[in-house]
>>> print(open('target-v2.txt').read())   # compact mmCIF, C-alpha atoms
# COMPACT_ATOMS: atom_id res chain seq x y z
CA MET A 1331 -69.82 114.71 38.87
CA PRO A 1332 -70.38 117.05 41.81
CA GLU A 1333 -69.16 114.63 44.48
CA ASP A 1334 -65.93 112.76 44.77
CA SER A 1335 -66.59 109.08 44.18
CA ASP A 1336 -63.39 107.92 45.86
CA TRP A 1337 -64.12 107.90 49.57
CA GLU A 1338 -60.83 106.25 50.50
CA ALA A 1339 -59.10 109.61 50.21
CA TYR A 1340 -61.28 111.03 52.96
CA LYS A 1341 -60.96 108.28 55.54
CA VAL A 1342 -60.06 109.58 58.98
CA PRO A 1343 -57.65 107.35 60.93
CA PRO A 1344 -59.31 105.74 64.00
CA THR A 1345 -59.23 107.87 67.15
CA ARG A 1346 -57.10 106.72 70.04
CA THR A 1347 -59.14 107.96 73.00
CA PRO A 1348 -58.38 105.77 76.00
CA VAL A 1349 -61.17 103.92 77.80
CA THR A 1350 -61.85 105.68 81.12
CA GLU A 1351 -62.79 103.92 84.31
CA ARG A 1352 -65.71 105.25 86.29
CA THR A 1353 -64.67 106.90 89.56
CA THR A 1354 -68.14 108.02 90.71
CA SER A 1355 -71.35 106.09 91.19
CA VAL A 1356 -73.43 108.94 89.76
CA PRO A 1357 -74.73 107.85 86.34
CA ASN A 1358 -73.74 109.94 83.33
CA PRO A 1359 -76.61 112.35 82.53
CA VAL A 1360 -75.58 112.44 78.90
CA THR A 1361 -76.85 108.90 78.38
CA PHE A 1362 -80.25 109.96 79.70
CA PHE A 1363 -80.48 112.86 77.28
CA GLN A 1364 -79.30 110.62 74.45
CA ALA A 1365 -82.03 108.10 75.29
CA VAL A 1366 -84.69 110.85 75.43
CA PHE A 1367 -83.55 112.28 72.11
CA GLY A 1368 -83.53 108.81 70.62
CA TYR A 1369 -87.08 108.00 71.63
CA VAL A 1370 -88.65 111.39 71.04
CA VAL A 1371 -86.96 112.53 67.83
CA GLU A 1372 -84.89 109.84 66.21
CA ALA A 1373 -87.19 106.80 66.41
CA PRO A 1374 -90.29 108.40 64.83
CA VAL A 1375 -88.25 110.09 62.11
CA THR A 1376 -86.39 106.88 61.30
CA TYR A 1377 -89.65 104.93 61.24
CA LEU A 1378 -91.24 107.44 58.86
CA ARG A 1379 -88.20 107.46 56.60
CA GLU A 1380 -88.12 103.66 56.46
CA TRP A 1381 -91.84 103.57 55.66
CA ILE A 1382 -91.21 105.99 52.77
CA GLU A 1383 -88.27 103.83 51.60
CA ARG A 1384 -90.56 100.79 51.57
CA GLN A 1385 -93.01 102.67 49.35
CA HIS A 1386 -90.13 103.61 47.06
CA ALA A 1387 -88.87 100.05 46.86
CA LYS A 1388 -92.15 98.86 45.31
CA ASN A 1389 -91.34 100.45 41.95
CA LYS A 1390 -87.67 101.12 41.44
CA PHE A 1391 -86.32 102.89 38.39
CA TYR A 1392 -82.89 104.16 37.52
CA TYR A 1393 -81.18 107.09 35.95
CA TYR A 1394 -77.84 107.13 34.18
CA HIS A 1395 -75.07 109.56 33.43
CA GLN A 1396 -75.07 110.43 29.76
CA LYS A 1397 -71.98 109.43 27.82
CA PHE A 1398 -71.28 111.70 24.86
CA ARG A 1399 -69.59 110.37 21.74
CA ARG A 1400 -66.32 112.00 20.74
CA VAL A 1401 -66.72 114.18 17.65
CA PRO A 1402 -63.95 115.61 15.41
CA ASP A 1403 -61.98 118.29 17.17
CA LEU A 1404 -61.75 121.92 16.08
CA SER A 1405 -58.36 121.23 14.54
CA GLU A 1406 -59.93 118.56 12.31
CA CYS A 1407 -62.71 120.81 10.96
CA LEU A 1408 -62.58 122.27 7.49
CA GLU A 1409 -62.79 126.02 7.14
CA GLY A 1410 -66.35 127.30 6.75
CA ASP A 1411 -67.86 124.05 8.08
CA TYR A 1412 -70.02 125.69 10.72
CA LEU A 1413 -71.70 122.48 11.82
CA CYS A 1414 -68.33 120.94 12.62
CA PHE A 1415 -67.39 124.11 14.51
CA TYR A 1416 -70.58 123.89 16.56
CA GLU A 1417 -70.03 120.26 17.55
CA ALA A 1418 -66.36 120.83 18.37
CA GLU A 1419 -67.31 123.86 20.47
CA ALA A 1420 -69.88 121.85 22.43
CA GLN A 1421 -67.35 119.10 23.04
CA TRP A 1422 -64.73 121.63 24.17
CA ARG A 1423 -67.17 123.14 26.67
CA ARG A 1424 -68.00 119.73 28.10
CA ASP A 1425 -64.29 118.97 28.42
CA ARG A 1426 -63.69 122.28 30.16
CA MET A 1427 -66.47 121.56 32.66
CA VAL A 1428 -64.94 118.14 33.35
CA ASP A 1429 -61.54 119.75 33.92
CA GLN A 1430 -63.05 122.28 36.30
CA GLU A 1431 -64.64 119.48 38.31
CA ILE A 1432 -61.31 117.61 38.41
CA VAL A 1433 -59.56 120.66 39.86
CA GLU A 1434 -62.41 121.07 42.36
CA ILE A 1435 -62.12 117.45 43.52
CA VAL A 1436 -58.33 117.64 43.96
CA ARG A 1437 -58.79 120.86 45.96
CA GLU A 1438 -61.39 119.25 48.19
CA ARG A 1439 -59.07 116.32 48.86
CA LEU A 1440 -56.35 118.71 49.95
CA CYS A 1441 -58.79 120.50 52.26
CA ALA A 1442 -59.93 117.20 53.76
CA CYS A 1443 -56.31 116.23 54.30
CA LYS A 1444 -55.58 119.54 56.03
CA GLN A 1445 -58.62 119.10 58.24
CA ARG A 1446 -57.56 115.59 59.21
CA GLU A 1447 -53.92 116.30 59.91
CA GLY A 1448 -54.33 119.57 61.77
CA PRO A 1449 -50.88 120.89 62.65
CA ASN A 1450 -49.04 118.26 60.62
CA GLU A 1451 -50.49 119.39 57.32
CA PHE A 1452 -47.30 120.65 55.72
CA GLN A 1453 -45.59 117.27 56.11
CA ASN A 1454 -48.37 114.74 55.69
CA CYS A 1455 -50.30 116.46 52.90
CA ALA A 1456 -47.28 117.13 50.69
CA LYS A 1457 -48.48 114.68 48.01
CA GLU A 1458 -51.92 116.29 47.79
CA MET A 1459 -50.37 119.74 47.69
CA GLN A 1460 -48.06 118.74 44.87
CA LEU A 1461 -50.92 117.14 42.95
CA LEU A 1462 -53.01 120.30 43.32
CA ALA A 1463 -50.12 122.48 42.15
CA GLN A 1464 -49.65 120.24 39.13
CA VAL A 1465 -53.34 120.15 38.24
CA THR A 1466 -53.88 123.90 38.63
CA LYS A 1467 -50.79 124.63 36.55
CA ALA A 1468 -52.08 122.36 33.80
CA TYR A 1469 -55.52 123.98 33.95
CA GLN A 1470 -54.01 127.46 33.86
CA ASP A 1471 -51.84 126.51 30.88
CA ARG A 1472 -54.77 125.22 28.92
CA TYR A 1473 -57.76 127.38 29.88
CA GLY A 1474 -55.97 130.12 31.79
CA ASP A 1475 -56.29 133.62 30.37
CA LEU A 1476 -58.94 132.99 27.75
CA GLY A 1477 -61.40 135.20 29.62
CA VAL A 1478 -65.18 134.95 29.79
CA HIS A 1479 -65.54 134.86 25.98
CA GLY A 1480 -63.06 132.04 25.62
CA ASN A 1481 -64.14 129.36 23.18
CA ALA A 1482 -62.58 126.42 21.41
CA ARG A 1483 -61.00 128.64 18.78
CA THR A 1484 -59.20 130.93 21.26
CA CYS A 1485 -58.06 127.87 23.20
CA LEU A 1486 -56.65 126.36 20.02
CA MET A 1487 -54.82 129.59 19.27
CA LYS A 1488 -53.41 129.60 22.80
CA GLN A 1489 -52.20 126.04 22.29
CA LYS A 1490 -50.57 127.06 19.01
CA HIS A 1491 -48.74 129.91 20.74
CA ARG A 1492 -47.63 127.58 23.51
CA MET A 1493 -46.20 125.14 20.99
CA MET A 1494 -44.40 127.96 19.20
CA GLU A 1495 -42.89 129.15 22.48
CA GLU A 1496 -41.83 125.61 23.26
CA ARG A 1497 -40.17 125.20 19.89
CA LYS A 1498 -38.39 128.53 20.27
CA ALA A 1499 -37.20 127.57 23.74
CA GLN A 1500 -35.94 124.25 22.39
CA GLU A 1501 -34.03 125.96 19.63
CA ASN A 1502 -32.52 128.44 22.06
CA ALA A 1503 -31.59 125.63 24.40
CA SER A 1504 -29.97 123.57 21.68
CA GLN A 1505 -27.87 126.51 20.38
CA MET B 1340 -113.07 170.87 57.82
CA ALA B 1341 -113.67 167.33 58.95
CA ALA B 1342 -109.93 166.73 58.72
CA MET B 1343 -109.31 169.88 60.75
CA SER B 1344 -111.67 168.78 63.52
CA LEU B 1345 -110.12 165.32 63.41
CA LEU B 1346 -106.70 166.94 63.76
CA LEU B 1347 -107.85 169.07 66.69
CA ARG B 1348 -109.46 166.05 68.34
CA ALA B 1349 -106.28 163.96 67.89
CA ALA B 1350 -104.19 166.86 69.27
CA ALA B 1351 -106.48 167.15 72.33
CA ALA B 1352 -106.30 163.38 72.95
CA TRP B 1353 -102.52 163.45 72.67
CA GLY B 1354 -102.29 166.43 75.00
CA ALA B 1355 -104.58 164.75 77.53
CA ARG B 1356 -102.55 161.55 77.42
CA ARG B 1357 -99.31 163.44 77.84
CA ALA B 1358 -100.60 165.46 80.77
CA ALA B 1359 -102.03 162.36 82.42
CA SER B 1360 -98.81 160.40 82.06
CA GLY B 1361 -96.76 163.28 83.50
CA ALA B 1362 -95.74 163.03 87.16
CA ALA B 1363 -98.98 163.41 89.21
CA GLY B 1364 -101.06 165.84 87.08
CA ALA B 1365 -101.55 168.20 90.06
CA ALA B 1366 -97.91 169.34 89.83
CA ARG B 1367 -98.51 170.82 86.37
CA PRO B 1368 -100.18 174.20 85.81
CA PRO B 1369 -103.66 173.59 84.40
CA TRP B 1370 -103.24 174.90 80.82
CA LEU B 1371 -105.77 172.56 79.42
CA ALA B 1372 -109.32 173.38 80.38
CA GLY B 1373 -110.49 170.78 82.84
CA ALA B 1374 -109.56 167.13 82.27
CA ALA B 1375 -105.90 166.27 82.84
CA ARG B 1376 -106.76 162.60 82.46
CA LEU B 1377 -107.28 160.08 79.70
CA PRO B 1378 -110.78 160.30 78.16
CA GLY B 1379 -112.90 157.74 79.85
CA THR B 1380 -111.34 158.18 83.32
CA VAL B 1381 -113.02 161.45 84.30
CA ALA B 1382 -115.36 160.15 86.97
CA PRO B 1383 -115.11 156.97 89.12
CA VAL B 1384 -117.70 154.57 87.67
CA ARG B 1385 -118.28 150.86 88.19
CA HIS B 1386 -117.50 148.84 85.04
CA SER B 1387 -117.88 145.17 84.09
CA SER B 1388 -115.21 143.22 85.95
CA GLY B 1389 -111.87 143.23 84.18
CA HIS B 1390 -113.10 144.74 80.94
CA GLY B 1391 -113.41 148.43 81.88
CA LYS B 1392 -115.46 151.03 80.07
CA ARG B 1393 -116.29 150.18 76.48
CA MET B 1394 -114.25 152.52 74.30
CA PHE B 1395 -114.64 153.46 70.68
CA ILE B 1396 -111.01 153.32 69.57
CA ILE B 1397 -110.25 155.65 66.71
CA LYS B 1398 -107.63 154.31 64.36
CA ALA B 1399 -106.94 154.20 60.61
CA THR B 1400 -108.89 151.65 58.58
CA SER B 1401 -107.35 148.24 58.04
CA PHE B 1402 -110.22 147.02 55.84
CA TYR B 1403 -108.35 147.32 52.56
CA ASP B 1404 -105.16 145.80 53.98
CA ASN B 1405 -106.95 142.79 55.39
CA ARG B 1406 -108.98 142.33 52.21
CA PHE B 1407 -105.78 142.37 50.15
CA LEU B 1408 -104.04 139.84 52.39
CA ASN B 1409 -107.07 137.56 52.40
CA LEU B 1410 -107.34 137.63 48.62
CA LEU B 1411 -103.58 137.09 48.27
CA ARG B 1412 -103.69 134.03 50.52
CA PHE B 1413 -106.76 132.70 48.77
CA TYR B 1414 -105.36 132.94 45.25
CA ILE B 1415 -101.99 131.54 46.28
CA PHE B 1416 -103.51 128.57 48.09
CA VAL B 1417 -106.16 127.77 45.49
CA THR B 1418 -103.48 126.32 43.19
CA GLY B 1419 -100.67 126.09 45.71
CA ILE B 1420 -102.23 123.48 47.96
CA PRO B 1421 -103.18 120.99 45.22
CA VAL B 1422 -99.73 121.39 43.65
CA ALA B 1423 -98.01 120.89 47.01
CA LEU B 1424 -100.15 117.79 47.73
CA PHE B 1425 -99.41 116.34 44.30
CA ILE B 1426 -95.66 116.90 44.67
CA THR B 1427 -95.72 115.37 48.16
CA TYR B 1428 -97.59 112.34 46.82
CA VAL B 1429 -95.02 111.89 44.03
CA ASN B 1430 -92.07 112.25 46.39
CA VAL B 1431 -93.46 109.87 49.00
CA PHE B 1432 -95.03 107.12 46.92
CA ILE B 1433 -93.07 107.16 43.67
CA GLY B 1434 -89.68 108.45 44.77
CA GLU B 1435 -86.61 109.54 42.88
CA ALA B 1436 -84.57 107.36 40.60
CA GLU B 1437 -81.34 105.72 41.67
CA LEU B 1438 -78.05 106.20 39.91
CA ALA B 1439 -76.85 103.11 38.08
CA GLU B 1440 -74.18 102.23 35.57
CA ILE B 1441 -75.43 101.87 32.01
CA PRO B 1442 -75.81 98.12 31.45
CA GLU B 1443 -73.90 96.48 28.62
CA GLY B 1444 -75.53 96.77 25.23
CA TYR B 1445 -78.42 98.91 26.56
CA VAL B 1446 -79.06 102.38 25.19
CA PRO B 1447 -81.11 104.35 27.74
CA GLU B 1448 -84.06 106.40 26.53
CA TYR B 1449 -83.46 110.11 26.62
CA TRP B 1450 -85.74 110.66 29.66
CA GLU B 1451 -83.84 108.12 31.71
CA TYR B 1452 -81.04 110.60 32.28
CA TYR B 1453 -83.07 112.58 34.84
CA LYS B 1454 -83.59 111.84 38.51
CA HIS B 1455 -86.94 113.27 39.63
CA PRO B 1456 -90.07 111.48 38.30
CA ILE B 1457 -91.82 114.75 37.37
CA THR B 1458 -88.75 115.91 35.40
CA ARG B 1459 -88.69 112.54 33.65
CA TRP B 1460 -92.38 112.86 32.77
CA ILE B 1461 -91.89 116.38 31.41
CA ALA B 1462 -88.86 115.27 29.38
CA ARG B 1463 -90.74 112.28 28.03
CA TYR B 1464 -94.13 113.77 27.13
CA LEU B 1465 -93.75 117.52 26.83
CA LEU B 1466 -90.28 118.24 25.49
CA ASP B 1467 -88.55 117.07 22.33
CA PRO B 1468 -85.73 114.53 22.62
CA PRO B 1469 -82.32 116.24 22.85
CA GLU B 1470 -81.27 114.58 19.62
CA LYS B 1471 -84.13 116.35 17.84
CA ASP B 1472 -83.24 119.64 19.56
CA TYR B 1473 -79.65 119.22 18.45
CA GLU B 1474 -80.71 118.54 14.88
CA LYS B 1475 -82.96 121.63 14.97
CA GLU B 1476 -80.03 123.78 16.13
CA LEU B 1477 -77.74 122.34 13.45
CA ALA B 1478 -80.44 122.93 10.81
CA LEU B 1479 -80.71 126.60 11.80
CA LEU B 1480 -76.93 126.95 11.68
CA ASP B 1481 -76.83 125.28 8.26
CA ILE B 1482 -79.50 127.60 6.85
CA GLU B 1483 -77.73 130.67 8.18
CA ALA B 1484 -74.40 129.47 6.81
CA ARG B 1485 -75.87 128.95 3.36
CA LYS B 1486 -77.51 132.38 3.48
CA THR B 1487 -74.19 133.99 4.38
CA GLU B 1488 -72.49 132.17 1.53
CA MET B 1489 -75.17 133.19 -0.98
CA ARG B 1490 -75.01 136.82 0.11
CA LEU B 1491 -71.24 136.91 -0.26
CA MET B 1492 -71.46 135.33 -3.71
CA GLU B 1493 -74.12 137.84 -4.76
CA LEU B 1494 -71.96 140.75 -3.66
CA GLU B 1495 -68.98 139.34 -5.58
CA ALA B 1496 -71.07 138.79 -8.76
CA ARG B 1497 -72.43 142.31 -8.55
CA ARG B 1498 -68.97 143.76 -8.17
CA LEU B 1499 -67.62 141.83 -11.14
CA MET B 1500 -70.56 142.60 -13.40
CA ARG B 1501 -70.32 146.28 -12.60
CA HIS B 1502 -66.63 146.22 -13.23
CA ARG B 1503 -66.55 144.13 -16.43
CA GLY B 1504 -69.94 145.10 -17.81
CA ASP B 1505 -70.41 141.75 -19.56
CA GLY B 1506 -73.18 140.36 -17.44
CA PRO B 1507 -76.98 140.67 -17.35
CA TRP B 1508 -76.89 143.27 -14.53
CA TYR B 1509 -76.05 146.95 -14.73
CA HIS B 1510 -77.74 147.53 -18.09
CA TYR B 1511 -79.00 151.07 -18.52
CA GLU B 1512 -81.83 151.92 -20.90
CA THR B 1513 -80.82 154.11 -23.86
CA PRO B 1514 -83.19 155.32 -26.59
CA ASP B 1515 -83.46 153.25 -29.79
CA LYS B 1516 -81.13 154.45 -32.57
CA ASN B 1517 -83.96 154.25 -35.11
CA LEU B 1518 -85.78 157.04 -33.30
CA VAL B 1519 -82.93 159.48 -33.72
CA ASP B 1520 -83.75 162.15 -36.29
CA ASN B 1521 -80.63 162.62 -38.40
CA SER B 1522 -82.28 165.01 -40.91
CA MET B 1523 -80.40 167.99 -39.44
CA LYS B 1524 -77.07 166.38 -40.12
CA SER B 1525 -77.97 164.62 -43.37
CA THR B 1526 -76.79 167.41 -45.67
CA PRO B 1527 -73.45 169.18 -45.26
CA ASP B 1528 -74.81 172.73 -45.51
CA ASN B 1529 -77.16 172.88 -42.47
>>> encode(input="target-v2.txt", output="structure tokens")
Amino acid sequence: MPEDSDWEAYKVPPTRTPVTERTTSVPNPVTFFQAVFGYVVEAPVTYLREWIERQHAKNKFYYYHQKFRRVPDLSECLEGDYLCFYEAEAQWRRDRMVDQEIVEIVRERLCACKQREGPNEFQNCAKEMQLLAQVTKAYQDRYGDLGVHGNARTCLMKQKHRMMEERKAQENASQ
Amino acid sequence: MAAMSLLLRAAAAWGARRAASGAAGAARPPWLAGAARLPGTVAPVRHSSGHGKRMFIIKATSFYDNRFLNLLRFYIFVTGIPVALFITYVNVFIGEAELAEIPEGYVPEYWEYYKHPITRWIARYLLDPPEKDYEKELALLDIEARKTEMRLMELEARRLMRHRGDGPWYHYETPDKNLVDNSMKSTPDN
């Protein structure tokens, strides 16, 4: 999904500008310009848009996000079963796209947090920063140096190497 | 020759313009015979108010350029305007679809995964459903896989038959032994 569906993460805390008292009797010219803009530009455009929305509301129809069934993974495919390879490859690509979008969303949340906090970002955004570090590390571990020709097979081999390294590290640690 | 006279005429016009625009033509020595003014300003004459003397302005032809641009605009707009009107009509009166969660127990048709009504129409009436496309791709892959397998098996069979010599391949024609004339070797004293 291209946009973050959780808007709570982006809420800006309410501003605390104090209410000023008028010290002059000269009216604020900004209100005049706002009224002019409202009547000349905003009202006709809003009217047209609402008319178009009324036409749309006469025949509504919907679209859905497609949900793909899970198919056997590459590690569950027999050797030489090219159809199984193809389906596993397609599923792996979809999963990689989903992971890329997840990283993108976490990054955008951190940016929004930085924008909100301003100079306090290092203290108040620590959670988002830690989450981003975690997520990018996980992404790098899984899809990291596969390169532009990376496919499900190379990713599986990378996972195998990671597990071997882990086992070796465990053995070294236990000795 | 015509080009040469054109060139000379253009050079004279340029020279006249340059001399006329110089500081008060009288200060310059009169190299050019006679008129140190722009053509058309030699003698004081009364002209129609505001318009001045009618001049025949010599410049390169723009006929072909204008014809090209007119034709270009015509052929672009002949289909462009109906298409633009149709798309505007669809966007204003039919509108795009709204995103909704898939209801329980309902399997959406394959064209209901698109937003714009024209895309939905194309997906529904012109293109094959993605399930059929998928099956077509898998069928191609299956055929190619079987072909690869058959070719490898053929190579292996050929190798074995050549090596062992007990199969139907790699037979070489030899003459029939009944045709061999053994009369030269039939007696010991030949």
>>> closest_residue(input="target-v2.txt", among="A:Cys1414, A:Val1371, A:Ala1339, A:Val1366", to="A:Val1436", atoms="all atoms listed in the file")
A:Ala1339
>>> closest_atom_pairs(input="target-v2.txt", of="chain A", to="chain B", cutoff="6 Å", atoms="all atoms listed in the file", output="tab-separated table")
residue	atom	partner	partner_atom	distance
A:Ile1382	CA	B:Val1431	CA	5.9
A:Gln1385	CA	B:Phe1432	CA	5.5
A:His1386	CA	B:Gly1434	CA	5.4
A:Phe1391	CA	B:Ala1436	CA	5.3
A:Tyr1392	CA	B:Glu1437	CA	4.7
A:Tyr1393	CA	B:Tyr1452	CA	5.1
A:Tyr1394	CA	B:Tyr1452	CA	5.1
>>> write_last_selection(input="target-v2.txt", atoms="C-alpha atoms", output="PDB file, in the coordinates of the input")
ATOM      1  CA  ILE A1382     -91.210 105.990  52.770  1.00  0.00           C
ATOM      2  CA  GLN A1385     -93.010 102.670  49.350  1.00  0.00           C
ATOM      3  CA  HIS A1386     -90.130 103.610  47.060  1.00  0.00           C
ATOM      4  CA  PHE A1391     -86.320 102.890  38.390  1.00  0.00           C
ATOM      5  CA  TYR A1392     -82.890 104.160  37.520  1.00  0.00           C
ATOM      6  CA  TYR A1393     -81.180 107.090  35.950  1.00  0.00           C
ATOM      7  CA  TYR A1394     -77.840 107.130  34.180  1.00  0.00           C
TER       8      TYR A1394
END
>>> closest_residue(input="target-v2.txt", among="A:Leu1462, A:Ala1456, A:Ala1442, A:Ala1468", to="A:Glu1338", atoms="only C-alpha atoms")
A:Ala1442
>>> residues_around(input="target-v2.txt", residues="A:Tyr1469", least_positions_apart="6", cutoff="9 Å", atoms="all atoms listed in the file", output="list in words")
Asp1429, Gln1430 and Val1433 of chain A
>>> closest_residue(input="target-v2.txt", among="A:Gln1500, A:Thr1354, A:Gly1410, A:Lys1457", to="B:Thr1487", atoms="only C-alpha atoms")
A:Gly1410
>>> atom_distance(input="target-v2.txt", atom1="atom CA of A:Ser1405", atom2="atom CA of B:Glu1470")
24.4 Å
>>> atom_distance(input="target-v2.txt", atom1="atom CA of A:Arg1483", atom2="atom CA of A:Asp1411")
13.5 Å
>>> axis_aligned_box(input="target-v2.txt", around="stretch 1499-1518 of chain B", padding_each_side="4 Å", output="JSON")
{"center_x": -76.2, "center_y": 148.7, "center_z": -23.1, "size_x": 27.2, "size_y": 24.7, "size_z": 32.0}
>>> residues_around(input="target-v2.txt", residues="A:Arg1472", least_positions_apart="3", cutoff="9 Å", atoms="only C-alpha atoms", output="PyMOL selection string")
chain A and resi 1467-1469+1475-1476+1485+1488-1489
>>> write_last_selection(input="target-v2.txt", atoms="C-alpha atoms", output="CSV table (one decimal), keeping the file's coordinate frame")
chain,number,residue,atom,x,y,z
A,1467,LYS,CA,-50.8,124.6,36.6
A,1468,ALA,CA,-52.1,122.4,33.8
A,1469,TYR,CA,-55.5,124.0,34.0
A,1475,ASP,CA,-56.3,133.6,30.4
A,1476,LEU,CA,-58.9,133.0,27.8
A,1485,CYS,CA,-58.1,127.9,23.2
A,1488,LYS,CA,-53.4,129.6,22.8
A,1489,GLN,CA,-52.2,126.0,22.3
>>> closest_residue(input="target-v2.txt", among="B:Lys1524, B:Asp1472, B:Gly1354, B:Val1446", to="A:His1395", atoms="only C-alpha atoms")
B:Val1446
>>> atom_distance(input="target-v2.txt", atom1="atom CA of A:Ala1387", atom2="atom CA of B:Tyr1428")
15.1 Å
>>> decode(input="target-v2.txt", residues="stretch 1428-1440 of chain B", atoms="N, CA and C atoms", output="compact mmCIF listing (two decimals), in the first residue's frame")
# COMPACT_ATOMS: atom_id res chain seq x y z
N TYR B 1428 -16.09 13.03 -19.78
CA TYR B 1428 -17.43 12.54 -19.46
C TYR B 1428 -17.37 11.40 -18.45
N VAL B 1429 -16.44 10.44 -18.70
CA VAL B 1429 -16.33 9.29 -17.79
C VAL B 1429 -15.92 9.74 -16.41
N ASN B 1430 -14.94 10.67 -16.34
CA ASN B 1430 -14.47 11.08 -15.01
C ASN B 1430 -15.50 11.87 -14.25
N VAL B 1431 -16.34 12.67 -14.97
CA VAL B 1431 -17.29 13.51 -14.27
C VAL B 1431 -18.55 12.74 -13.90
N PHE B 1432 -19.09 11.95 -14.84
CA PHE B 1432 -20.40 11.36 -14.59
C PHE B 1432 -20.34 9.95 -14.05
N ILE B 1433 -19.26 9.22 -14.30
CA ILE B 1433 -19.20 7.85 -13.79
C ILE B 1433 -18.28 7.79 -12.58
N GLY B 1434 -17.14 8.37 -12.62
CA GLY B 1434 -16.30 8.48 -11.45
C GLY B 1434 -15.51 7.23 -11.17
N GLU B 1435 -14.51 7.37 -10.31
CA GLU B 1435 -13.64 6.24 -9.98
C GLU B 1435 -14.27 5.41 -8.87
N ALA B 1436 -13.76 4.20 -8.74
CA ALA B 1436 -14.29 3.31 -7.72
C ALA B 1436 -13.72 3.70 -6.36
N GLU B 1437 -14.40 3.25 -5.31
CA GLU B 1437 -13.91 3.49 -3.96
C GLU B 1437 -13.31 2.23 -3.41
N LEU B 1438 -12.31 2.41 -2.55
CA LEU B 1438 -11.65 1.24 -1.96
C LEU B 1438 -12.52 0.71 -0.85
N ALA B 1439 -12.73 -0.61 -0.85
CA ALA B 1439 -13.53 -1.23 0.21
C ALA B 1439 -12.89 -2.54 0.60
N GLU B 1440 -13.20 -2.98 1.81
CA GLU B 1440 -12.73 -4.29 2.25
C GLU B 1440 -13.55 -5.36 1.54
